[in-house]
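Chemist: So that we are looking at the same thing, I have put the structure below in structure tokens.
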Amino acid sequence: MGVFMACEREHLTKRIEERGLRATEARCRILELLHETHQHYTPEEMLEALRERGRPLSIATLYQNLQKLSETGLIARFVGPDGHTRYDVNTQPHHHLICKICGRMVDVGVTGPLGSLRPRALFEGEDLDSWRLGEIHLEFHGVCPECQARQADREKPTA
Ligand SMILES: [Zn+2]
Ligand SMILES: [Zn+2]
């Protein structure tokens, strides 16, 4: 009938079509997962999460669609602190707060005069003034509340 499966969430269908893509089942599954969890998955983690939700995709389909979705700006691709390529549903400028223990990554803004930050050369001969600067990405590292609680539990003296 030529009717394709649109996303359960209507605004996602619209968002995909606005970028000139068809709202296929695979694209919907990926975007729904990212919008609902707000996690920053590697492709392997995404494969697992989709399987757990009962909405699996093949690895080839996943990779093809991650490529398309990031090319068209529906999701952002970045390399996390562990060196793995990850995907972010938040395509607005933002920073990440990362738990050093469990790796949980939270989207954050900053308070403070970020706009006045400038890179400073650490080696001679690097002419930073000639660069045209783009956006700034900061990475905050810390320990999340859940991991702090687990640590506190472990440190409790056993009677
Ligand atoms: Zn943690
Ligand atoms: Zn993010």
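So you can find residues: chains in the structure tokens are A, B, ... in the order shown, residues in each start at 1, and ligands are numbered from 1 in order.
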Ligand 2: which residues are within 8 Å, counting only C-alpha atoms and all ligand atoms? Reply as a list in words.

Modeler: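 The residues near ligand 2 are His38, Gln39, His40, Asp88, Val89, Asn90, Thr91, His94, His95, His96, Met105, Val106, Asp107 and Val108 of chain A.
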
Chemist: Can I get the selected residues back with N, CA and C atoms, as an mmCIF file, in the first residue's frame?

Modeler:
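Done, and the output landed in again36.cif:
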data_model
loop_
_atom_site.group_PDB
_atom_site.id
_atom_site.type_symbol
_atom_site.label_atom_id
_atom_site.label_comp_id
_atom_site.auth_asym_id
_atom_site.auth_seq_id
_atom_site.Cartn_x
_atom_site.Cartn_y
_atom_site.Cartn_z
ATOM 1 N N HIS A 38 17.821 9.750 26.807
ATOM 2 C CA HIS A 38 18.811 10.829 26.861
ATOM 3 C C HIS A 38 20.210 10.304 27.143
ATOM 4 N N GLN A 39 20.484 9.089 26.704
ATOM 5 C CA GLN A 39 21.826 8.545 26.911
ATOM 6 C C GLN A 39 22.691 8.803 25.695
ATOM 7 N N HIS A 40 23.982 8.660 25.900
ATOM 8 C CA HIS A 40 24.949 8.892 24.832
ATOM 9 C C HIS A 40 25.580 7.554 24.463
ATOM 10 N N ASP A 88 24.459 11.571 20.175
ATOM 11 C CA ASP A 88 23.779 12.476 21.089
ATOM 12 C C ASP A 88 22.526 13.007 20.407
ATOM 13 N N VAL A 89 21.389 12.904 21.079
ATOM 14 C CA VAL A 89 20.151 13.394 20.495
ATOM 15 C C VAL A 89 20.052 14.913 20.686
ATOM 16 N N ASN A 90 20.866 15.419 21.589
ATOM 17 C CA ASN A 90 20.876 16.861 21.833
ATOM 18 C C ASN A 90 21.858 17.517 20.862
ATOM 19 N N THR A 91 21.320 18.192 19.855
ATOM 20 C CA THR A 91 22.189 18.781 18.839
ATOM 21 C C THR A 91 22.430 20.264 19.117
ATOM 22 N N HIS A 94 26.021 22.162 24.055
ATOM 23 C CA HIS A 94 25.948 21.809 25.473
ATOM 24 C C HIS A 94 27.235 21.114 25.869
ATOM 25 N N HIS A 95 27.377 20.840 27.137
ATOM 26 C CA HIS A 95 28.573 20.186 27.656
ATOM 27 C C HIS A 95 28.166 18.904 28.360
ATOM 28 N N HIS A 96 29.155 18.111 28.709
ATOM 29 C CA HIS A 96 28.863 16.836 29.358
ATOM 30 C C HIS A 96 29.481 16.758 30.738
ATOM 31 N N MET A 105 26.663 9.894 31.497
ATOM 32 C CA MET A 105 26.968 11.184 30.891
ATOM 33 C C MET A 105 25.710 12.032 30.873
ATOM 34 N N VAL A 106 25.775 13.209 31.463
ATOM 35 C CA VAL A 106 24.616 14.081 31.574
ATOM 36 C C VAL A 106 24.876 15.355 30.780
ATOM 37 N N ASP A 107 23.854 15.799 30.037
ATOM 38 C CA ASP A 107 23.968 17.069 29.315
ATOM 39 C C ASP A 107 23.868 18.217 30.304
ATOM 40 N N VAL A 108 24.798 19.126 30.238
ATOM 41 C CA VAL A 108 24.752 20.276 31.143
ATOM 42 C C VAL A 108 25.068 21.572 30.390
#

Chemist: Restrict the calculation to only C-alpha atoms and all ligand atoms, then for each residue of chain A with any atom at most 12 Å from an atom of ligand 1 give the closest atom pair and their distance in Å to one decimal, rows by chain and rising residue number, as a tab-separated table.

Modeler:
residue	atom	partner	partner_atom_place_in_ligand_line	distance
A:Leu97	CA	ligand 1	1 (Zn)	10.6
A:Ile98	CA	ligand 1	1 (Zn)	8.0
A:Cys99	CA	ligand 1	1 (Zn)	4.7
A:Lys100	CA	ligand 1	1 (Zn)	6.6
A:Ile101	CA	ligand 1	1 (Zn)	4.9
A:Cys102	CA	ligand 1	1 (Zn)	4.0
A:Gly103	CA	ligand 1	1 (Zn)	6.0
A:Arg104	CA	ligand 1	1 (Zn)	5.7
A:Met105	CA	ligand 1	1 (Zn)	8.8
A:Val106	CA	ligand 1	1 (Zn)	10.6
A:His141	CA	ligand 1	1 (Zn)	10.4
A:Gly142	CA	ligand 1	1 (Zn)	8.3
A:Val143	CA	ligand 1	1 (Zn)	5.4
A:Cys144	CA	ligand 1	1 (Zn)	4.2
A:Pro145	CA	ligand 1	1 (Zn)	6.8
A:Glu146	CA	ligand 1	1 (Zn)	5.8
A:Cys147	CA	ligand 1	1 (Zn)	4.3
A:Gln148	CA	ligand 1	1 (Zn)	7.4
A:Ala149	CA	ligand 1	1 (Zn)	9.4
A:Arg150	CA	ligand 1	1 (Zn)	9.1
A:Gln151	CA	ligand 1	1 (Zn)	10.0

Chemist: Save out the residues we just selected, C-alpha atoms, as a short mmCIF file (atom, residue, chain, number, x, y, z; two decimals), in the first residue's frame.

Modeler:
data_model
loop_
_atom_site.label_atom_id
_atom_site.label_comp_id
_atom_site.auth_asym_id
_atom_site.auth_seq_id
_atom_site.Cartn_x
_atom_site.Cartn_y
_atom_site.Cartn_z
CA LEU A 97 29.18 15.90 33.00
CA ILE A 98 30.60 12.38 33.21
CA CYS A 99 30.70 10.00 36.16
CA LYS A 100 34.23 8.67 36.56
CA ILE A 101 32.90 5.41 37.96
CA CYS A 102 29.88 4.29 35.93
CA GLY A 103 30.44 6.51 32.90
CA ARG A 104 26.96 8.06 33.04
CA MET A 105 26.97 11.18 30.89
CA VAL A 106 24.62 14.08 31.57
CA HIS A 141 34.15 14.75 35.41
CA GLY A 142 32.80 13.70 38.78
CA VAL A 143 31.03 10.93 40.69
CA CYS A 144 27.26 10.58 40.29
CA PRO A 145 24.95 10.30 43.34
CA GLU A 146 24.31 6.57 42.76
CA CYS A 147 28.02 5.79 42.69
CA GLN A 148 28.61 7.95 45.77
CA ALA A 149 25.94 5.94 47.61
CA ARG A 150 27.52 2.66 46.51
CA GLN A 151 30.93 3.91 47.66
#

Chemist: Region 60-139 of chain A near region 19-23 of chain A within 9 Å: what's each residue's closest atom pair and its distance in Å to one decimal, counting only C-alpha atoms, ordered by chain then ascending residue number, as a Markdown table?

Modeler:
| residue | atom | partner | partner_atom | distance |
| --- | --- | --- | --- | --- |
| A:Lys68 | CA | A:Leu21 | CA | 8.6 |
| A:Leu69 | CA | A:Leu21 | CA | 8.8 |
| A:Thr72 | CA | A:Arg19 | CA | 6.3 |
| A:Gly73 | CA | A:Arg19 | CA | 8.2 |
| A:Leu74 | CA | A:Arg19 | CA | 7.9 |

Chemist: Keeping only C-alpha atoms, write the selected residues as a tab-separated table (two decimals), in the first residue's frame.

Modeler:
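Once everything was written out, this is part-v5.tsv:
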chain	number	residue	atom	x	y	z
A	68	LYS	CA	22.01	9.29	7.77
A	69	LEU	CA	20.65	10.75	10.99
A	72	THR	CA	21.24	15.44	8.37
A	73	GLY	CA	21.80	16.89	11.83
A	74	LEU	CA	19.07	14.94	13.63

Chemist: Using only C-alpha atoms, which of the listed residues (A:Leu33, A:Val110, A:Leu128, A:Ile75) sits closest to Ile16 (chain A)?

Modeler: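 Of the candidates, the smallest distance to Ile16 (chain A) is held by A:Ile75.
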
Chemist: Pick from A:Arg15, A:Arg86, A:Arg29, A:Arg77: nearest to Glu45 (chain A), with only C-alpha atoms counted?

Modeler: A:Arg86

Chemist: When DSSP works through the backbone of this structure, what residues of chain A end up as alpha helix (DSSP H), shown as a ChimeraX atom specification?

Modeler: /A:10-18,25-37,43-52,59-71,145-155

Chemist: Report, in Å with one decimal, the straight-line distance from CA of Glu8 (chain A) to CA of Tyr41 (chain A).

Modeler: 21.2 Å
